[in-house]
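Colleague: If it helps, the file is called my_file_35.txt and holds compact mmCIF, C-alpha atoms and all ligand atoms:
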# COMPACT_ATOMS: atom_id res chain seq x y z
CA MET A 1 125.40 141.58 74.41
CA LYS A 2 122.45 140.03 72.71
CA ILE A 3 118.94 141.11 73.64
CA ILE A 4 117.14 137.79 74.03
CA ALA A 5 113.41 137.13 74.28
CA SER A 6 112.60 134.17 76.54
CA GLU A 7 111.05 132.20 73.66
CA ASP A 8 114.33 132.38 71.69
CA ILE A 9 116.72 131.23 74.39
CA GLU A 10 116.82 127.55 73.36
CA GLN A 11 117.66 128.36 69.75
CA LEU A 12 120.89 130.21 70.48
CA PRO A 13 124.22 128.64 69.58
CA GLY A 14 126.74 127.66 72.25
CA ARG A 15 126.38 126.07 75.68
CA ARG A 16 124.39 128.10 78.16
CA LEU A 17 126.26 128.45 81.43
CA GLY A 18 124.61 128.78 84.81
CA PRO A 19 126.60 130.26 87.71
CA ASP A 20 128.01 126.86 88.76
CA ASP A 21 128.62 125.37 85.30
CA ARG A 22 132.24 124.87 84.41
CA PHE A 23 134.09 125.41 81.18
CA CYS A 24 137.73 124.90 80.29
CA PHE A 25 139.84 127.64 78.82
CA ARG A 26 143.30 129.13 78.90
CA CYS A 27 144.72 131.68 76.52
CA HIS A 28 148.46 132.25 76.26
CA ALA A 29 151.10 133.38 73.81
CA GLY A 30 152.38 129.81 73.34
CA LEU A 31 149.29 128.77 71.36
CA SER A 32 149.49 128.81 67.58
CA CYS A 33 146.17 130.66 67.45
CA PHE A 34 147.58 133.57 69.51
CA ASN A 35 145.88 136.80 68.41
CA ARG A 36 143.91 135.07 65.67
CA CYS A 37 140.69 136.02 67.45
CA CYS A 38 141.52 139.75 67.18
CA ARG A 39 140.84 140.11 63.47
CA ASN A 40 137.98 140.29 61.05
CA LEU A 41 135.48 140.89 63.83
CA ASN A 42 132.04 142.35 64.12
CA LEU A 43 132.98 143.75 67.49
CA PHE A 44 130.06 145.60 69.04
CA LEU A 45 130.99 148.45 71.32
CA TYR A 46 128.65 149.38 74.14
CA PRO A 47 128.56 152.89 75.56
CA TYR A 48 130.89 152.09 78.44
CA ASP A 49 133.38 150.43 76.06
CA ALA A 50 133.48 153.60 73.96
CA LEU A 51 133.99 155.75 77.04
CA ARG A 52 136.88 153.65 78.35
CA LEU A 53 138.59 153.42 74.98
CA LYS A 54 138.46 157.13 74.22
CA ASN A 55 139.90 157.87 77.66
CA ARG A 56 142.56 155.24 77.15
CA LEU A 57 143.52 156.81 73.84
CA GLY A 58 143.36 160.29 75.35
CA ILE A 59 141.13 161.63 72.60
CA SER A 60 137.71 163.27 72.50
CA SER A 61 134.63 161.10 72.04
CA ASP A 62 133.99 162.97 68.76
CA ARG A 63 137.36 161.89 67.46
CA PHE A 64 136.91 158.35 68.75
CA ILE A 65 133.63 158.00 66.85
CA GLU A 66 135.16 159.51 63.73
CA GLU A 67 138.30 157.40 63.66
CA TYR A 68 137.49 154.13 65.37
CA VAL A 69 133.90 153.11 64.85
CA ASP A 70 131.35 152.30 62.21
CA VAL A 71 127.83 153.38 63.10
CA VAL A 72 125.39 151.07 61.35
CA LEU A 73 121.64 151.54 61.28
CA ARG A 74 120.16 148.32 59.97
CA THR A 75 116.89 148.23 58.07
CA GLY A 76 113.93 147.90 60.40
CA GLN A 77 115.92 148.98 63.47
CA PHE A 78 115.46 152.19 65.43
CA PHE A 79 118.90 152.66 66.89
CA PRO A 80 122.28 152.05 65.29
CA GLU A 81 124.86 149.47 66.21
CA VAL A 82 128.35 150.72 66.94
CA LEU A 83 131.17 148.50 65.74
CA LEU A 84 134.89 148.84 66.19
CA ARG A 85 136.33 149.57 62.75
CA MET A 86 138.89 146.97 61.76
CA ALA A 87 142.13 148.11 60.13
CA ALA A 88 142.18 148.40 56.35
CA ASN A 89 144.65 145.56 55.82
CA ASP A 90 144.14 142.12 54.27
CA GLU A 91 143.46 140.47 57.60
CA ARG A 92 141.23 143.26 58.92
CA THR A 93 143.03 143.25 62.23
CA CYS A 94 141.69 145.04 65.28
CA PRO A 95 143.22 148.55 65.38
CA PHE A 96 144.53 147.81 68.87
CA LEU A 97 146.30 144.57 68.01
CA THR A 98 150.09 144.54 68.21
CA GLY A 99 152.64 141.74 67.90
CA GLU A 100 152.62 141.49 71.70
CA GLY A 101 148.84 141.33 71.99
CA CYS A 102 146.17 143.87 72.84
CA SER A 103 147.51 147.41 73.28
CA VAL A 104 144.43 148.53 75.23
CA TYR A 105 144.19 145.42 77.41
CA VAL A 106 143.23 147.16 80.65
CA ASP A 107 140.45 149.01 78.83
CA ARG A 108 139.47 146.33 76.32
CA PRO A 109 135.76 146.08 75.49
CA ASP A 110 133.35 143.92 77.45
CA THR A 111 133.04 141.44 74.59
CA CYS A 112 136.81 140.87 74.57
CA ARG A 113 136.88 140.38 78.33
CA THR A 114 134.12 137.79 78.23
CA PHE A 115 135.40 135.85 75.19
CA PRO A 116 135.09 132.88 74.58
CA VAL A 117 131.87 133.35 76.50
CA GLU A 118 129.15 135.55 75.06
CA GLN A 119 126.94 137.65 77.24
CA GLY A 120 123.26 138.36 76.66
CA ALA A 121 120.34 139.98 78.43
CA LEU A 122 117.29 137.77 78.71
CA PHE A 123 113.96 139.61 78.88
CA GLU A 124 111.00 137.69 80.23
CA GLY A 125 107.55 138.66 79.00
CA ASN A 126 106.59 142.28 79.44
CA THR A 127 108.03 142.79 82.89
CA GLY A 128 110.93 144.82 81.49
CA LYS A 129 113.25 142.92 83.86
CA SER A 130 116.40 141.45 82.40
CA THR A 131 118.67 138.63 83.53
CA PRO A 132 122.25 138.24 82.36
CA VAL A 133 122.83 135.00 80.46
CA PHE A 134 126.10 133.50 79.26
CA PHE A 135 126.98 131.09 76.47
CA TYR A 136 130.28 129.29 76.02
CA ARG A 137 131.01 129.62 72.34
CA PRO A 138 134.68 129.45 71.33
CA PRO A 139 135.29 129.37 67.57
CA ASP A 140 136.83 126.13 66.24
CA PHE A 141 140.25 127.73 65.75
CA CYS A 142 140.49 128.82 69.40
CA LEU A 143 142.85 126.29 71.00
CA GLY A 144 142.33 127.70 74.49
CA GLN A 145 139.20 125.56 74.77
CA HIS A 146 141.35 122.39 74.86
CA GLU A 147 143.33 123.51 77.88
CA THR A 148 142.49 122.06 81.30
CA ARG A 149 142.05 125.21 83.42
CA ALA A 150 138.42 125.25 84.58
CA TRP A 151 136.24 128.28 85.26
CA THR A 152 132.73 129.23 86.20
CA ILE A 153 131.12 132.48 85.06
CA PRO A 154 131.79 134.16 88.43
CA THR A 155 135.47 133.11 88.53
CA TRP A 156 136.01 134.02 84.86
CA THR A 157 134.32 137.38 85.33
CA ARG A 158 136.52 138.14 88.31
CA ASP A 159 139.67 137.00 86.55
CA GLN A 160 138.94 139.27 83.59
CA LYS A 161 137.98 142.21 85.83
CA ALA A 162 134.68 142.30 84.01
CA GLU A 163 132.19 142.77 86.87
CA TYR A 164 131.85 146.51 86.45
CA TYR A 165 131.79 146.24 82.66
CA HIS A 166 129.01 143.67 82.86
CA ARG A 167 126.98 145.90 85.14
CA MET A 168 127.34 148.84 82.76
CA THR A 169 126.47 146.66 79.77
CA GLN A 170 123.38 145.31 81.51
CA ARG A 171 122.24 148.83 82.39
CA TRP A 172 122.57 149.74 78.73
CA SER A 173 120.75 146.58 77.63
CA ASP A 174 117.59 147.77 79.42
CA ILE A 175 117.53 150.89 77.27
CA ARG A 176 118.70 149.11 74.14
CA ARG A 177 115.77 146.78 74.46
CA MET A 178 113.34 149.69 74.82
CA LEU A 179 114.84 151.14 71.65
CA THR A 180 113.84 148.06 69.67
CA SER A 181 110.31 149.42 69.25
CA ASN A 182 110.01 152.79 67.58
CA PRO A 183 110.40 155.51 70.23
CA TRP A 184 110.80 158.32 67.66
CA GLY A 185 107.35 158.42 66.11
CA ARG A 186 107.32 160.19 62.78
CA GLU A 187 110.76 161.73 63.33
CA GLY A 188 112.29 158.34 62.61
CA PRO A 189 115.71 157.04 63.65
CA GLU A 190 117.57 159.85 61.84
CA GLY A 191 115.60 162.57 63.63
CA PRO A 192 116.73 164.99 66.37
CA ARG A 193 115.68 162.88 69.35
CA ALA A 194 117.54 159.84 68.00
CA LYS A 195 120.65 161.98 67.47
CA MET A 196 120.45 163.34 71.03
CA THR A 197 120.06 159.83 72.40
CA PHE A 198 123.10 158.65 70.46
CA MET A 199 125.10 161.62 71.76
CA ALA A 200 124.14 160.94 75.37
CA VAL A 201 125.36 157.35 75.28
CA TYR A 202 128.24 157.31 72.79
CA ASN A 203 129.57 160.87 72.73
CA ILE A 204 130.11 161.63 76.39
CA ASP A 205 132.18 164.81 75.85
CA ARG A 206 129.47 166.36 73.68
CA PHE A 207 126.83 165.28 76.16
CA ARG A 208 128.70 167.08 78.94
CA GLU A 209 128.80 170.25 76.83
CA PHE A 210 125.09 169.84 76.20
CA VAL A 211 124.32 169.47 79.91
CA PHE A 212 126.45 172.39 81.06
CA GLN A 213 126.46 174.77 78.11
CA SER A 214 122.89 174.69 76.83
CA SER A 215 119.56 175.47 78.51
CA PHE A 216 119.53 171.89 79.90
CA LEU A 217 119.90 172.93 83.55
CA LYS A 218 117.06 175.42 83.16
CA ARG A 219 114.76 172.64 82.01
CA TYR A 220 115.74 169.90 84.47
CA ARG A 221 116.20 169.82 88.21
CA ILE A 222 119.37 168.01 89.34
CA LYS A 223 120.79 167.94 92.86
CA SER A 224 123.83 170.17 93.18
CA ALA A 225 126.10 167.37 94.48
CA LEU A 226 125.29 165.31 91.40
CA LYS A 227 125.76 168.31 89.13
CA LYS A 228 129.25 168.76 90.54
CA LYS A 229 130.02 165.10 90.00
CA LEU A 230 128.79 165.12 86.42
CA ARG A 231 131.33 167.80 85.51
CA ARG A 232 134.25 165.45 86.06
CA ASP A 233 133.01 161.85 86.30
CA ASP A 234 132.36 160.19 82.93
CA ASP A 235 130.85 157.03 84.41
CA ALA A 236 128.36 159.04 86.46
CA LEU A 237 127.52 161.13 83.40
CA LEU A 238 126.88 158.03 81.31
CA LEU A 239 124.48 156.59 83.90
CA PHE A 240 122.83 159.98 84.21
CA GLY A 241 122.44 159.98 80.40
CA PHE A 242 120.64 156.63 80.63
CA ASP A 243 118.20 158.16 83.13
CA TRP A 244 117.73 161.26 81.00
CA ILE A 245 116.90 159.14 77.94
CA LYS A 246 114.31 157.16 79.90
CA LEU A 247 112.73 160.38 81.10
CA VAL A 248 112.65 162.05 77.69
CA LEU A 249 111.56 159.05 75.64
CA TRP A 250 109.36 157.09 78.01
CA GLN A 251 108.63 159.52 80.88
CA VAL A 252 110.31 157.18 83.35
CA SER A 253 111.37 159.33 86.28
CA SER A 254 114.38 158.79 88.49
CA LYS A 255 115.87 160.37 91.60
CA LYS A 256 118.61 161.92 89.53
CA ILE A 257 116.63 164.12 87.20
CA ARG A 258 113.22 165.79 87.12
CA LEU A 259 111.60 168.28 84.82
CA ARG A 260 111.34 171.75 86.31
CA GLU A 261 107.74 172.78 86.79
S1 LIG A 301 141.94 132.14 69.62
FE1 LIG A 301 141.44 131.62 71.75
S2 LIG A 301 143.28 130.76 72.67
FE2 LIG A 301 143.84 131.71 70.72
S3 LIG A 301 144.53 133.74 71.31
FE3 LIG A 301 142.37 133.93 70.83
S4 LIG A 301 141.31 133.60 72.78
FE4 LIG A 301 143.40 132.92 73.03
S1 LIG A 302 140.44 145.30 71.70
FE1 LIG A 302 142.20 144.02 72.20
S2 LIG A 302 141.32 142.06 72.81
FE2 LIG A 302 139.73 143.17 71.72
S3 LIG A 302 139.88 142.49 69.60
FE3 LIG A 302 141.14 144.34 69.81
S4 LIG A 302 143.21 143.61 70.25
FE4 LIG A 302 141.79 141.90 70.62
Any chance you could put this one into structure tokens?

Modeller:
Amino acid sequence: MKIIASEDIEQLPGRRLGPDDRFCFRCHAGLSCFNRCCRNLNLFLYPYDALRLKNRLGISSDRFIEEYVDVVLRTGQFFPEVLLRMAANDERTCPFLTGEGCSVYVDRPDTCRTFPVEQGALFEGNTGKSTPVFFYRPPDFCLGQHETRAWTIPTWTRDQKAEYYHRMTQRWSDIRRMLTSNPWGREGPEGPRAKMTFMAVYNIDRFREFVFQSSFLKRYRIKSALKKKLRRDDDALLLFGFDWIKLVLWQVSSKKIRLRE
């Protein structure tokens, strides 16, 4: 998911697809490129990807971060990128790739679902409103692009069961975009507020401990039905974390959480 400013949209590689534009694609094991796309990747993981994968693997989010991702803070940025760590073999294969294909297929990341289309969030001016945008961009080696099966973005999204993933990614993109200008002040991107923000979105198990085992509930007012839900529902907790971040960093209030007076 690229954060795109409206003035940059024409410069991006690939063919931009509107809702009715068609593209051809079919991926199957009979193609000589089968699985070639699952190696040597800069595969960005969004918060919901990380949540689904750690649940799929049946491990804690601490362990998932430790074993499966690289957290990269680039110079001049204020929040790190989270990339799936490729295996330490010559081909740098995805850790989930097997001879039969993807071993986490049902929980594969949003980027893998959307491929060979790339998803972005287009921000217009200073309204803060984002629109999802899609670009058809198969690499040259991907033979699926020469097949005759035609899709539109809505039919492809449905076929890949990506609607919910896209919604979660877009919700995150709103915050990610706000994190592109320094929200930390002098603390900087390695400071305590940055670490808390990272925990809330990428380390859901720790965030739950923080909500229920610290003084969090003394400081914030949350409806009891929601509180109950947050104890067991990771998706709800992630969305709640987004709202909490907006409140703490930018004083944007929501129905879910308020400061106690
Ligand atoms: S390269 Fe393209 S066609 Fe080949 S396996 Fe990957 S997605 Fe499918
Ligand atoms: S998660 Fe699955 S689909 Fe995505 S790169 Fe890895 S093996 Fe391929």

Colleague: Just the number, please: distance in Å from CA of Leu230 in chain A to CA of Arg206 in chain A, one decimal.

Modeller: 12.8 Å

Colleague: So that I can see what lies close to Arg232 in chain A, please list as a PDB file with C-alpha atoms, in the frame of the given file the residues with an atom at most 12 Å from it, counting all atoms listed in the file and leaving out residues fewer than 5 positions away in the same chain.

Modeller:
ATOM      1  CA  ILE A 204     130.110 161.630  76.390  1.00  0.00           C
ATOM      2  CA  ASP A 205     132.180 164.810  75.850  1.00  0.00           C
ATOM      3  CA  ARG A 208     128.700 167.080  78.940  1.00  0.00           C
ATOM      4  CA  GLU A 209     128.800 170.250  76.830  1.00  0.00           C
ATOM      5  CA  PHE A 212     126.450 172.390  81.060  1.00  0.00           C
ATOM      6  CA  ALA A 225     126.100 167.370  94.480  1.00  0.00           C
ATOM      7  CA  LEU A 226     125.290 165.310  91.400  1.00  0.00           C
ATOM      8  CA  LYS A 227     125.760 168.310  89.130  1.00  0.00           C
ATOM      9  CA  LEU A 237     127.520 161.130  83.400  1.00  0.00           C
ATOM     10  CA  LEU A 238     126.880 158.030  81.310  1.00  0.00           C
TER      11      LEU A 238
END

Colleague: For CA of Pro183 in chain A and CA of Arg167 in chain A, determine how far apart the two atoms are, in Å to one decimal place.

Modeller: 24.3 Å

Colleague: What is the distance between CA of Leu51 in chain A and CA of Tyr202 in chain A, in Å to one decimal?

Modeller: 7.3 Å

Colleague: Can I get the residues close to ligand LIG 301 (chain A) as an MDAnalysis selection string, where close means within 6 Å and we count only C-alpha atoms and all ligand atoms?

Modeller: chainID A and resid 27 33:37 142:144

Colleague: Have a look at A:Ala194, A:Val69, A:Cys112, A:Leu53 and name the one nearest to ligand LIG 302 (chain A); count only C-alpha atoms and all ligand atoms.

Modeller: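 Nearest candidate to ligand LIG 302 (chain A) out of A:Ala194, A:Val69, A:Cys112, A:Leu53: A:Cys112.
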
Colleague: Go ahead and fit an axis-aligned box to every listed atom of ligand LIG 302 (chain A) plus 3 Å each side, and pass me the centre and edge lengths in Å, one decimal, as AutoDock Vina command-line options.

Modeller:
--center_x 141.5 --center_y 143.6 --center_z 71.2 --size_x 9.5 --size_y 9.4 --size_z 9.2

Colleague: Would you please work out which residue, of A:Asp110, A:Asp20, A:Glu91, A:Asp62, is nearest to ligand LIG 302 (chain A) when using only C-alpha atoms and all ligand atoms?

Modeller: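 Selected residue with least distance to ligand LIG 302 (chain A): A:Asp110.
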
Colleague: Residues at most 10 Å from Gln160 in chain A, counting only C-alpha atoms, excluding those fewer than 4 positions away in the same chain, as a PDB file with C-alpha atoms, keeping the file's coordinate frame?

Modeller:
ATOM      1  CA  VAL A 106     143.230 147.160  80.650  1.00  0.00           C
ATOM      2  CA  ASP A 110     133.350 143.920  77.450  1.00  0.00           C
ATOM      3  CA  CYS A 112     136.810 140.870  74.570  1.00  0.00           C
ATOM      4  CA  ARG A 113     136.880 140.380  78.330  1.00  0.00           C
ATOM      5  CA  THR A 114     134.120 137.790  78.230  1.00  0.00           C
ATOM      6  CA  PHE A 115     135.400 135.850  75.190  1.00  0.00           C
ATOM      7  CA  THR A 155     135.470 133.110  88.530  1.00  0.00           C
ATOM      8  CA  TRP A 156     136.010 134.020  84.860  1.00  0.00           C
TER       9      TRP A 156
END

Colleague: Would you mind listing the residues within 12 Å of ligand LIG 302 (chain A), counting all atoms listed in the file, as a PyMOL selection string?

Modeller: chain A and resi 27+34-45+49-50+52-53+56+68+83-87+92-116+160

Colleague: Calculated over all atoms listed in the file, which of the candidates A:Glu67, A:Asp243, A:Glu261, A:Glu118 has the smallest distance to Ile175 in chain A?

Modeller: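 Nearest to Ile175 in chain A: A:Asp243.
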
Colleague: Hey, what's within 12 Å of Asp21 in chain A if we count all atoms listed in the file and toss same-chain stuff fewer than 2 positions away? As number ranges by chain, please?

Modeller: A: 15-19, 23-24, 134-136, 150-156

Colleague: Between A:Ser253, A:Gln213, A:Asn182, A:Thr169, single out the one closest to Val201 in chain A, counting all atoms listed in the file.

Modeller: A:Thr169

Colleague: From the options A:Glu147, A:Asn203, A:Lys54, A:Phe198, which residue's atoms come nearest to Gly30 in chain A, counting all atoms listed in the file?

Modeller: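 Comparing A:Glu147, A:Asn203, A:Lys54, A:Phe198 against Gly30 in chain A, the winner is A:Glu147.
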
Colleague: My list of candidates is A:Phe242, A:Ser181, A:Asp140, A:Arg258. Which is closest to Phe216 in chain A when distances are computed with all atoms listed in the file?

Modeller: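 Result for the nearest residue to Phe216 in chain A: A:Arg258.
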
Colleague: Do a neighbour search on Lys218 in chain A at 10 Å with all atoms listed in the file, toss out local chain neighbours closer than 4 positions, and write the hits as number ranges by chain.

Modeller: A: 211, 214, 222, 259-260

Colleague: Those same residues - C-alpha atoms - I'd like them written as an mmCIF file, in the coordinates of the input.

Modeller:
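The resulting file, again.cif, is shown below:
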data_model
loop_
_atom_site.group_PDB
_atom_site.id
_atom_site.type_symbol
_atom_site.label_atom_id
_atom_site.label_comp_id
_atom_site.auth_asym_id
_atom_site.auth_seq_id
_atom_site.Cartn_x
_atom_site.Cartn_y
_atom_site.Cartn_z
ATOM 1 C CA VAL A 211 124.320 169.470 79.910
ATOM 2 C CA SER A 214 122.890 174.690 76.830
ATOM 3 C CA ILE A 222 119.370 168.010 89.340
ATOM 4 C CA LEU A 259 111.600 168.280 84.820
ATOM 5 C CA ARG A 260 111.340 171.750 86.310
#
